[in-house]
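Peer 1: Below is the structure I would like to discuss, written out as structure tokens.
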Number of protein chains: 6
Amino acid sequence: MAVVVTNIRRAPQEHADECAALGVATLHEAQGRKGLCAARLRPIYRPLSIAGSAVTCEVAPGDNWMIHVAVEQCRAGDVLVVTPTSPCSDGYFGDLLATSLQARGVVGLVIDAGVRDVATLTEMRFPVWSAAVYAQGTVKETLGNVNTPITCAGARINPGDMIVADDDGVVVIARDGLAGVLERARTRVANEEQKRARLAAGELGLDMYDMRGRLAEKGLKYMEAEE
Amino acid sequence: MAVVVTNIRRAPQEHADECAALGVATLHEAQGRKGLCAARLRPIYRPLSIAGSAVTCEVAPGDNWMIHVAVEQCRAGDVLVVTPTSPCSDGYFGDLLATSLQARGVVGLVIDAGVRDVATLTEMRFPVWSAAVYAQGTVKETLGNVNTPITCAGARINPGDMIVADDDGVVVIARDGLAGVLERARTRVANEEQKRARLAAGELGLDMYDMRGRLAEKGLKYMEAEE
Amino acid sequence: MAVVVTNIRRAPQEHADECAALGVATLHEAQGRKGLCAARLRPIYRPLSIAGSAVTCEVAPGDNWMIHVAVEQCRAGDVLVVTPTSPCSDGYFGDLLATSLQARGVVGLVIDAGVRDVATLTEMRFPVWSAAVYAQGTVKETLGNVNTPITCAGARINPGDMIVADDDGVVVIARDGLAGVLERARTRVANEEQKRARLAAGELGLDMYDMRGRLAEKGLKYMEAEE
Amino acid sequence: MAVVVTNIRRAPQEHADECAALGVATLHEAQGRKGLCAARLRPIYRPLSIAGSAVTCEVAPGDNWMIHVAVEQCRAGDVLVVTPTSPCSDGYFGDLLATSLQARGVVGLVIDAGVRDVATLTEMRFPVWSAAVYAQGTVKETLGNVNTPITCAGARINPGDMIVADDDGVVVIARDGLAGVLERARTRVANEEQKRARLAAGELGLDMYDMRGRLAEKGLKYMEAEE
Amino acid sequence: MAVVVTNIRRAPQEHADECAALGVATLHEAQGRKGLCAARLRPIYRPLSIAGSAVTCEVAPGDNWMIHVAVEQCRAGDVLVVTPTSPCSDGYFGDLLATSLQARGVVGLVIDAGVRDVATLTEMRFPVWSAAVYAQGTVKETLGNVNTPITCAGARINPGDMIVADDDGVVVIARDGLAGVLERARTRVANEEQKRARLAAGELGLDMYDMRGRLAEKGLKYMEAEE
Amino acid sequence: MAVVVTNIRRAPQEHADECAALGVATLHEAQGRKGLCAARLRPIYRPLSIAGSAVTCEVAPGDNWMIHVAVEQCRAGDVLVVTPTSPCSDGYFGDLLATSLQARGVVGLVIDAGVRDVATLTEMRFPVWSAAVYAQGTVKETLGNVNTPITCAGARINPGDMIVADDDGVVVIARDGLAGVLERARTRVANEEQKRARLAAGELGLDMYDMRGRLAEKGLKYMEAEE
């Protein structure tokens with residue numbers, strides 16, 4: 001019952017660079033705080049910032065066979081997203097697979113499991129977010145699905161969704177909602193620039209966000225230190 | 001019942017640079033191995049080394065409102081110390097709050113929770129020790145206390161205590177005990193310089209610390225490898 | 001009943017540089033996927049890559065006395081391997097012990113516990129793999145064994161075994177099996193070079209490894225995306 | 001943007017008892033090993049075994065307001081499924097909420113967070129699967145969604161899906177796929193009864209499953225113990 | 001610098017039974033949600049419910065010597081509270097120490113570390129809350145403090161404070177604040193009885209707590225399920 | 001290179017009952033505090049107490065094929081010990097395998113991974129110590145070794161070693177050292193009986209173990225509580 005879905009619709013790639021620049025925290029806010037992967041996914045070197053369409057891949061614990069299958073489905077600009085069917089920290093991915101992905105123009109890997117050869121991956125400047133670094137090898141025995149909907153580190157990801165990853169982690173933006181999220185993110189960033197300037201000039205968030213009244217209403221009291 | 005205590009007494013700031021130079025491990029020893037925060041607090045970039053007076057801040061899980069309140073209580077040379085009332089890895093703190101703290105001369109943040117925008121925080125060179133990096137946003141709904149005694153990552157911290165943080169972690173030194181701790185730390189460092197020279201010259205710790213007798217007395221035996 | 005075994009047989013040091021160059025992942029594969037330490041052992045800075053003969057050391061929780069004893073048993077080219085008799089994250093090892101080991105030509109430390117002074121250790125360029133970074137000090141009260149067989153982070157290590165450690169973690173190669181493992185590792189690397197070139201040129205792993213037939217036989221289906 | 005979806009379609013309740021009797025492990029297999037919640041969800045007492053339609057509820061960290069909203073959407077035979085928008089171990093649920101759910105005929109609670117009053121919940125015989133037991137209270141400030149699709153402990157759950165929970169954990173079965181899964185589960189159980197009898201009579205799985213040939217083909221060797 | 005403080009003031013013991021009956025969750029609420037130990041402290045058998053004055057004891061990792069010292073300071077009605085100076089899961093406490101405490105009328109043990117002999121402790125009906133069960137033994141080499149202020153599982157505890165522990169965990173109530181906390185807890189319980197009756201009769205929390213207006217004001221929308 | 005070693009030498013079975021009665025904590029002490037498995041191995045129900053000769057089994061992550069092979073090697077009185085080659089929490093073992101083991105007279109299972117069907121295993125009274133309970137199924141694709149030396153939860157285990165498991169965890173006693181360990185354990189228990197009686201009568205450990213002098217010598221001070 002394992003399937004590989006081919007020719008998936010991608011997220012509009014012309015927005016990938018902008019997504020990477022906006023960053024995970026901003027896009028996550030702009031999307032209504034949805035789609036964030038769990039904090040265990042960390043970049044193997046820093047700083048890192050990418051965005052691209054998800055090619056999804058389910059693997060059995062300790063078995064990276066389907067990654068080889070998924071590589072063929074990847075195109076330039078894609079992000080390969082790999083999730084094990086049960087928790088596993090084995091090193092599913094190393095420099096040979098990265099060479100193959102880089103040859104196809106894939107912009108990075110997100111995997112809720114382990115990777116290895118991280119020194120070489122770092123030299124190659126191949127971006128990876130993983131749940132572990134572990135040299136343990138894997139077998140090639142069990143089928144899984146490629147380009148079906150998955151859950152990766154707690155986030156629901158459909159093939160073709162926009163994946164954005166940076167030093168703060170990984171967020172998925174639904175392909176069809178991307179335009180709206182980008183619109184809100186741009187506004188947010190514009191506002192933040194203004195806010196940053198005011199805060200840098202010494203204005204307090206308490207005043208800029210007009211918080212004092214509501215704090216008092218909730219009952220916050222100020223008192224001098226004794227002594 | 002939430003309070004903000006204003007005008008707390010600070011630790012003597014003239015000793016902050018010396019504390020940062022002495023470092024967490026040495027000061028922790030000089031204080032009788034007390035006051036160390038749990039190992040889960042890690043710097044977001046390295047190397048890092050700061051010291052300053054604690055402004056303490058209690059926050060509800062998933063709610064960073066009180067950090068905005070605490071900012072106003074911070075002065076140049078302070079370290080903001082934030083602890084959630086129950087464990088939470090959300091990203092309570094990002095580049096806007098860092099901009100505000102930097103504008104006030106705050107030397108760093110210690111938080112037993114998550115932070116975000118770590119790439120920007122790193123570019124800004126704003127020192128942060130946190131329990132997690134996570135893009136998850138927070139709300140602004142629940143009051144908490146500022147500048148009351150707290151427990152942060154297992155360590156008891158009073159407002160105005162000296163906080164020292166470096167690549168080894170975070171230690172708190174009681175404001176009034178600082179002079180004595182510094183005295184012992186200076187002696188310790190002086191001794192260590194001598195020891196370092198002797199060890200670098202090849203002398204064994206077994207001899208330098210005169211351990212052989214006590215080891216033998218406890219029953220340690222030496223035997224040649226068979227084979 | 002604590003013993004220190006002296007003059008252990010070492011692994012052939014002329015192969016240490018080659019082991020370090022081959023790396024943990026490759027050697028682990030060449031050894032039949034045995035001997036890997038758990039993923040919790042991580043280098044304190046990166047990149048790092050060493051190899052040398054194990055001097056083993058068992059320590060009580062919160063007690064680093066035996067490390068001082070073990071130092072004397074270390075020679076140039078050795079790797080000191082320390083394991084607590086029950087889990088402990090205390091900072092067993094700092095810059096003074098590193099100075100002593102460096103003076104003896106020891107190439108690195110592997111410890112399934114905590115270390116401290118990591119900023120200085122990094123400046124000194126002394127390679128360390130540890131399970132934690134924690135400033136907590138230790139006492140000197142309880143005996144343990146030096147150069148007896150141990151389990152470290154789940155791997156069985158005999159004194160004199162070859163320890164190889166890099167950014168992927170730590171692997172142990174039995175002293176007497178080293179020649180065979182090296183032979184297989186060299187073959188593996190040679191093959192990988194060829195494979196890397198083919199993958200970089202765009203050939204798919206599916207074809208290079210001839211996987212398509214077996215995938216079909218197991219029942220893998222391809223289908224066009226709907227929409 | 002928070003919504004409560006009313007009058008959701010339920011899974012066919014006439015199959016709930018059968019689902020509970022078949023159990024999580026069997027149904028998970030019958031569904032192709034999909035839909036299992038992470039192992040951190042554990043029953044607060046044992047043995048326990050329930051099944052019913054999911055009413056889903058998203059809550060903010062440290063905030064149980066929406067559980068009160070979700071209660072109204074629950075009917076007899078339902079299972080309330082609560083997931084925090086970021087990880088939180090607070091005690092969201094206690095004996096008063098359980099009283100309310102029991103009054104409505106709800107058969108149990110699944111929550112990827114903490115609960116409290118577990119002694120009383122046990123006396124009341126109200127079935128709960130949770131990620132933690134923790135007395136920490138929550139606030140009522142932030143909206144969330146009720147009866148929208150959620151991810152709970154890594155499993156994708158739609159409102160109205162069949163939730164089955166027992167001592168092995170929690171599995172979700174898609175409402176519309178239930179008939180097929182039940183069919184396969186019944187067959188599986190029937191087969192298992194036969195197998196159990198044969199195994200109890202001393203037949204080996206190696207023979208019953210006819211594994212010897214394939215093991216030999218893969219290269220398994222038998223050898224007498226030396227000595 | 002290790003001290004044993006003798007003849008500490010106790011919390012009023014006439015309230016211990018009432019505290020145990022009120023329970024951890026209720027008293028924690030009545031105290032303004034302060035003083036709760038981390039969720040890792042769990043009872044070794046259930047149900048359990050005790051209350052008594054804290055005798056505090058600091059121990060080194062892997063060293064239970066000071067527990068023997070602390071036993072002498074315990075009186076009938078006390079709860080022994082043990083915290084290691086750094087995290088340790090060793091089995092500090094077994095049936096012999098329990099026999100000694102039981103002989104003195106001590107009502108239970110709270111320890112942020114491991115215990116052993118749990119089958120015997122269960123038979124003896126000696127209540128224990130611990131962070132781990134682990135047979136690993138400890139040594140008797142290092143001094144620590146008895147009856148000084150400590151942090152145990154994140155909670156600040158002074159000797160003589162009232163410790164209350166049940167199936168929900170452990171809470172500390174400051175000796176001098178006990179009267180007020182009890183007063184609020186009694187009121188809370190009385191209110192809860194009424195609420196429980198109303199909820200059991202089918203009244204919704206949404207109505208009983210009058211939440212509908214504020215939910216609407218915050219923007220909660222109700223919509224019929226499609227389909 | 002996978003092998004099954006047949007006809008291993010067993011530990012003397014006439015001592016199994018005595019080992020189970022002596023218990024894990026006592027035998028671990030009598031063996032010089034060696035051979036204890038990590039605390040993550042817990043019994044699936046309590047109380048439990050067994051002892052028998054180890055049949056060892058290595059399995060790939062997510063693959064229980066070799067357990068079927070190992071069953072054939074088990075005899076009456078054995079304990080099956082299963083360890084994955086990398087960490088895995090999948091449910092490797094359920095009621096069918098337990099039926100088979102029970103039919104052969106196997107006294108229990110120790111597994112550093114997950115099990116399922118725990119309600120049925122409990123009804124069957126089949127003793128299991130595992131690192132997890134998880135319904136996730138496994139495949140049958142990859143060979144491993146049976147009755148070769150393994151590391152299980154950090155402990156080195158040779159086939160035929162005596163495994164003792166109870167509510168405190170799991171300990172391994174080397175087959176050939178069993179007589180000596182038993183001798184010391186019996187002495188220890190005899191001493192403990194006397195000590196228990198004296199402690200129950202109110203004698204203090206401080207006096208019984210004659211600790212006061214050494215405590216004073218190390219510098220312990222007693223002081224009256226102020227107030």
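Chain labels follow the order of the structure tokens: the first chain is A, the next B, and so on; residue numbering restarts at 1 in every chain, and ligands are counted from 1 in their shown order.
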Identify all residues of region 8-221 of chain B in alpha helix (DSSP H) (DSSP on the backbone) and supply them as a count of residues only.

Peer 2: 73

Peer 1: Using only C-alpha atoms, select each residue of chain A with any atom at most 7 Å away from an atom of chain F, and give the selection as JSON, numbers by chain.

Peer 2: {"A": [61, 62, 87, 88, 141]}

Peer 1: Can you pull out every residue within 10 Å of Ala132 (chain A), counting only C-alpha atoms, but drop anything in the same chain fewer than 3 positions away, and send it as a PyMOL selection string?

Peer 2: (chain A and resi 40-44+88-91+111-116+129+135) or (chain C and resi 39-40+168)

Peer 1: Write out as a compact mmCIF listing (two decimals) with C-alpha atoms, in the first residue's frame each polymer residue whose atoms come within 12 Å of Arg212 (chain F), counting only C-alpha atoms; drop sequence neighbours fewer than 3 positions from it.

Peer 2:
```
# COMPACT_ATOMS: atom_id res chain seq x y z
CA TRP E 65 25.40 9.99 54.31
CA MET E 66 23.46 13.05 55.37
CA HIS E 68 21.45 9.24 58.30
CA VAL E 69 22.20 12.54 59.99
CA GLU E 72 17.98 12.03 64.06
CA LEU F 204 19.78 5.52 65.21
CA GLY F 205 21.86 4.65 62.16
CA LEU F 206 24.28 7.32 63.35
CA ASP F 207 25.00 5.15 66.38
CA MET F 208 24.56 1.72 64.87
CA TYR F 209 26.99 2.51 62.07
CA LEU F 215 31.14 13.28 60.72
CA ALA F 216 32.69 15.52 63.35
CA GLU F 217 36.15 14.95 61.93
CA LYS F 218 34.95 16.05 58.50
CA GLY F 219 33.63 19.21 60.12
CA LEU F 220 29.91 18.77 60.64
CA LYS F 221 28.51 21.35 63.04
CA TYR F 222 25.26 21.33 64.97
```

Peer 1: Could you name the residues that touch Phe126 (chain D) at 7 Å or less, counting only C-alpha atoms, but leaving out those on the same chain fewer than 4 positions away, as a list in words?

Peer 2: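 My list of contacting residues is Ala98, Gly108, Leu121 and Thr122 of chain D.
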
Peer 1: Based on the backbone DSSP call, show me all residues of region 129-209 of chain F assigned strand (DSSP E or B), as a list of chain:residue names.

Peer 2: F:Trp129, F:Ser130, F:Ala131, F:Ala132, F:Val133, F:Val139, F:Val146, F:Ile150, F:Thr151, F:Cys152, F:Ala155, F:Arg156, F:Ile157, F:Met162, F:Ile163, F:Val164, F:Ala165, F:Asp166, F:Gly169, F:Val170, F:Val171, F:Val172, F:Ile173

Peer 1: When you look at Asp161 (chain F) with a cut-off of 8 Å (counting only C-alpha atoms), what residues show up, excluding the ones that are within fewer than 6 positions of it in the same chain? I need them as a list of chain:residue names.

Peer 2: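 Near Asp161 (chain F), the qualifying residues are F:Arg10, F:Ala11, F:Ser53, F:Ala54, F:Val172, F:Ile173, F:Ala174, F:Arg175.
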
Peer 1: To one decimal in Å, tell me the separation between CA of Met211 (chain E) and CA of Gln73 (chain D).

Peer 2: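 Separation between CA of Met211 (chain E) and CA of Gln73 (chain D): 15.1 Å.
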